[in-house]
Amino acid sequence: MRLRSLAIPFLSAISCAGVLAIAQGKGIDPALQKKADAGDAGAQFQVGRTYAQGVTVSQDLRQAASWYEKSADQGYAQAQYELGSLYSRGDGVQQDYAKAAGWYRKAALQGVADAQYNLGTFYEQGIAVPQDYAQAADLYRRAAEQGNASAQFNLGLLYDNGTGVNRDFAQAAAWYTRAAEQGLPRAQFNLGSMYAGGQGVRVNLPEAYFWFDLAANLWNGSHQEEAIRARDLVAQRLTQSDLLNAQNRAAKWLADHRK
């Protein structure tokens, strides 16, 4: 019951570049615009983000890309990441994965976790760079250690399958756990599977139920159905007491994380 990586390098959960919003007509703050025009990289990034978000101005991804590039050319790491994301999606610029990879690399070298993760997916899938699982694992690890849940999951998956790293179920379970604790359903599902099968961890059916139940509640569509089936199969093997305890744990976790 393993799931393959669902990583999509062209969409960043954190990137603001593609967010649609209603312009409120306030325009760019004059002081900020003055600093950006004078060449301040941080101000240029902020102007770019304002155009990307479309909050105080009409959303204009071409303008966003232009200002991000001015900032990125000066070495501003977050601008490099955002510009890479625009090239990856083809928003405001012509889609160009090679340019996306180049900007992600610059940001990744400065420690931007999302850039490390996205560049890792490029190496894993061979997009604009030679396919290199070891390089992907290294980039995922850098992002994972900074708390990027998707990178934690993907690194766990590489350990699970022995791709780019020596196969190590204990390492897989450890990285799945870190991603699962952040609420990533696919990590919760894979971790439940490991507890059910005793790979990398001791068999613990109540724990398996707990993680499957979280995945079933947080996923939608066909994956949710898969998590429900796995959860219900485990439930058949639990005592009423263990089942109730696992259900209560899951309910509390969901309540705490939805506050």
# chains A, B, ... in the order shown; residues from 1 in each chain; ligands from 1
call {"tool": "select_by_dssp", "arguments": {"residues": "stretch 21-218 of chain A", "states": "helix (DSSP H, G or I)", "output": "PyMOL selection string"}}
result
chain A and resi 30-37+41-53+61-73+77-89+97-109+113-125+133-144+149-161+169-181+185-197+205-218
call {"tool": "residues_around", "arguments": {"residues": "A:Asn190", "least_positions_apart": "2", "cutoff": "9 Å", "atoms": "only C-alpha atoms", "output": "PyMOL selection string"}}
result
chain A and resi 1-3+157+173+176+180+185-188+192-195+211-212
call {"tool": "atom_distance", "arguments": {"atom1": "atom CA of A:Ala179", "atom2": "atom CA of A:Ala149"}}
result
4.6 Å
call {"tool": "residues_around", "arguments": {"residues": "A:Arg105", "least_positions_apart": "4", "cutoff": "9 Å", "atoms": "only C-alpha atoms", "output": "PyMOL selection string"}}
result
chain A and resi 80-81+84+100-101+109-110+115-116+119
call {"tool": "write_last_selection", "arguments": {"atoms": "N, CA and C atoms", "output": "PDB file, in the first residue's frame"}}
result
ATOM      1  N   GLN A  80      14.354  35.041  -6.539  1.00  0.00           N
ATOM      2  CA  GLN A  80      14.841  33.986  -7.432  1.00  0.00           C
ATOM      3  C   GLN A  80      13.889  32.791  -7.417  1.00  0.00           C
ATOM      4  N   TYR A  81      13.436  32.435  -6.238  1.00  0.00           N
ATOM      5  CA  TYR A  81      12.491  31.323  -6.131  1.00  0.00           C
ATOM      6  C   TYR A  81      11.173  31.641  -6.834  1.00  0.00           C
ATOM      7  N   GLY A  84      11.547  31.604 -10.535  1.00  0.00           N
ATOM      8  CA  GLY A  84      11.604  30.222 -11.001  1.00  0.00           C
ATOM      9  C   GLY A  84      10.230  29.603 -11.082  1.00  0.00           C
ATOM     10  N   ALA A 100      13.523  27.987 -15.150  1.00  0.00           N
ATOM     11  CA  ALA A 100      12.988  27.698 -13.815  1.00  0.00           C
ATOM     12  C   ALA A 100      14.034  26.986 -12.975  1.00  0.00           C
ATOM     13  N   ALA A 101      14.661  25.962 -13.566  1.00  0.00           N
ATOM     14  CA  ALA A 101      15.686  25.210 -12.834  1.00  0.00           C
ATOM     15  C   ALA A 101      16.847  26.111 -12.440  1.00  0.00           C
ATOM     16  N   LEU A 109      20.699  27.342  -3.419  1.00  0.00           N
ATOM     17  CA  LEU A 109      22.046  27.525  -2.877  1.00  0.00           C
ATOM     18  C   LEU A 109      22.049  28.531  -1.731  1.00  0.00           C
ATOM     19  N   GLN A 110      21.033  29.390  -1.692  1.00  0.00           N
ATOM     20  CA  GLN A 110      20.912  30.345  -0.590  1.00  0.00           C
ATOM     21  C   GLN A 110      20.029  29.812   0.539  1.00  0.00           C
ATOM     22  N   ALA A 115      12.611  26.172  -2.937  1.00  0.00           N
ATOM     23  CA  ALA A 115      13.419  26.054  -4.148  1.00  0.00           C
ATOM     24  C   ALA A 115      14.175  24.723  -4.149  1.00  0.00           C
ATOM     25  N   GLN A 116      14.691  24.334  -2.997  1.00  0.00           N
ATOM     26  CA  GLN A 116      15.378  23.038  -2.900  1.00  0.00           C
ATOM     27  C   GLN A 116      14.426  21.898  -3.227  1.00  0.00           C
ATOM     28  N   LEU A 119      13.507  22.054  -7.075  1.00  0.00           N
ATOM     29  CA  LEU A 119      14.633  21.594  -7.887  1.00  0.00           C
ATOM     30  C   LEU A 119      14.826  20.092  -7.707  1.00  0.00           C
TER      31      LEU A 119
END
call {"tool": "closest_residue", "arguments": {"among": "A:Trp219, A:Asn245, A:Ser66, A:Tyr209", "to": "A:Leu233", "atoms": "only C-alpha atoms"}}
result
A:Tyr209
call {"tool": "atom_distance", "arguments": {"atom1": "atom CA of A:Leu155", "atom2": "atom CA of A:Leu254"}}
result
25.0 Å
call {"tool": "closest_residue", "arguments": {"among": "A:Asn248, A:Ser85, A:Gln182, A:Gln53", "to": "A:Ala98", "atoms": "only C-alpha atoms"}}
result
A:Ser85
call {"tool": "decode", "arguments": {"residues": "stretch 190-204 of chain A", "atoms": "N, CA and C atoms", "output": "PDB file, in the first residue's frame"}}
result
ATOM      1  N   ASN A 190       1.078   6.410   4.017  1.00  0.00           N
ATOM      2  CA  ASN A 190       2.244   5.533   3.935  1.00  0.00           C
ATOM      3  C   ASN A 190       2.739   5.116   5.308  1.00  0.00           C
ATOM      4  N   LEU A 191       2.656   6.028   6.277  1.00  0.00           N
ATOM      5  CA  LEU A 191       3.075   5.682   7.630  1.00  0.00           C
ATOM      6  C   LEU A 191       2.126   4.642   8.227  1.00  0.00           C
ATOM      7  N   GLY A 192       0.831   4.810   7.992  1.00  0.00           N
ATOM      8  CA  GLY A 192      -0.124   3.799   8.443  1.00  0.00           C
ATOM      9  C   GLY A 192       0.187   2.443   7.858  1.00  0.00           C
ATOM     10  N   SER A 193       0.565   2.429   6.588  1.00  0.00           N
ATOM     11  CA  SER A 193       0.911   1.176   5.930  1.00  0.00           C
ATOM     12  C   SER A 193       2.124   0.521   6.574  1.00  0.00           C
ATOM     13  N   MET A 194       3.102   1.341   6.981  1.00  0.00           N
ATOM     14  CA  MET A 194       4.299   0.785   7.596  1.00  0.00           C
ATOM     15  C   MET A 194       3.986   0.202   8.979  1.00  0.00           C
ATOM     16  N   TYR A 195       3.116   0.884   9.718  1.00  0.00           N
ATOM     17  CA  TYR A 195       2.720   0.333  11.020  1.00  0.00           C
ATOM     18  C   TYR A 195       1.886  -0.930  10.853  1.00  0.00           C
ATOM     19  N   ALA A 196       1.101  -0.997   9.814  1.00  0.00           N
ATOM     20  CA  ALA A 196       0.285  -2.202   9.584  1.00  0.00           C
ATOM     21  C   ALA A 196       1.140  -3.386   9.178  1.00  0.00           C
ATOM     22  N   GLY A 197       2.221  -3.109   8.412  1.00  0.00           N
ATOM     23  CA  GLY A 197       3.055  -4.192   7.904  1.00  0.00           C
ATOM     24  C   GLY A 197       4.332  -4.421   8.670  1.00  0.00           C
ATOM     25  N   GLY A 198       4.668  -3.533   9.621  1.00  0.00           N
ATOM     26  CA  GLY A 198       5.884  -3.696  10.400  1.00  0.00           C
ATOM     27  C   GLY A 198       7.147  -3.456   9.609  1.00  0.00           C
ATOM     28  N   GLN A 199       7.131  -2.479   8.728  1.00  0.00           N
ATOM     29  CA  GLN A 199       8.327  -2.136   7.959  1.00  0.00           C
ATOM     30  C   GLN A 199       8.903  -0.821   8.489  1.00  0.00           C
ATOM     31  N   GLY A 200      10.098  -0.905   9.028  1.00  0.00           N
ATOM     32  CA  GLY A 200      10.756   0.266   9.587  1.00  0.00           C
ATOM     33  C   GLY A 200      10.306   0.606  10.994  1.00  0.00           C
ATOM     34  N   VAL A 201       9.204   0.020  11.402  1.00  0.00           N
ATOM     35  CA  VAL A 201       8.639   0.196  12.746  1.00  0.00           C
ATOM     36  C   VAL A 201       8.037  -1.142  13.155  1.00  0.00           C
ATOM     37  N   ARG A 202       7.780  -1.301  14.452  1.00  0.00           N
ATOM     38  CA  ARG A 202       7.093  -2.510  14.889  1.00  0.00           C
ATOM     39  C   ARG A 202       5.622  -2.451  14.493  1.00  0.00           C
ATOM     40  N   VAL A 203       5.055  -3.614  14.223  1.00  0.00           N
ATOM     41  CA  VAL A 203       3.627  -3.667  13.917  1.00  0.00           C
ATOM     42  C   VAL A 203       2.844  -3.034  15.066  1.00  0.00           C
ATOM     43  N   ASN A 204       1.995  -2.092  14.725  1.00  0.00           N
ATOM     44  CA  ASN A 204       1.176  -1.410  15.725  1.00  0.00           C
ATOM     45  C   ASN A 204      -0.134  -1.037  15.042  1.00  0.00           C
TER      46      ASN A 204
END
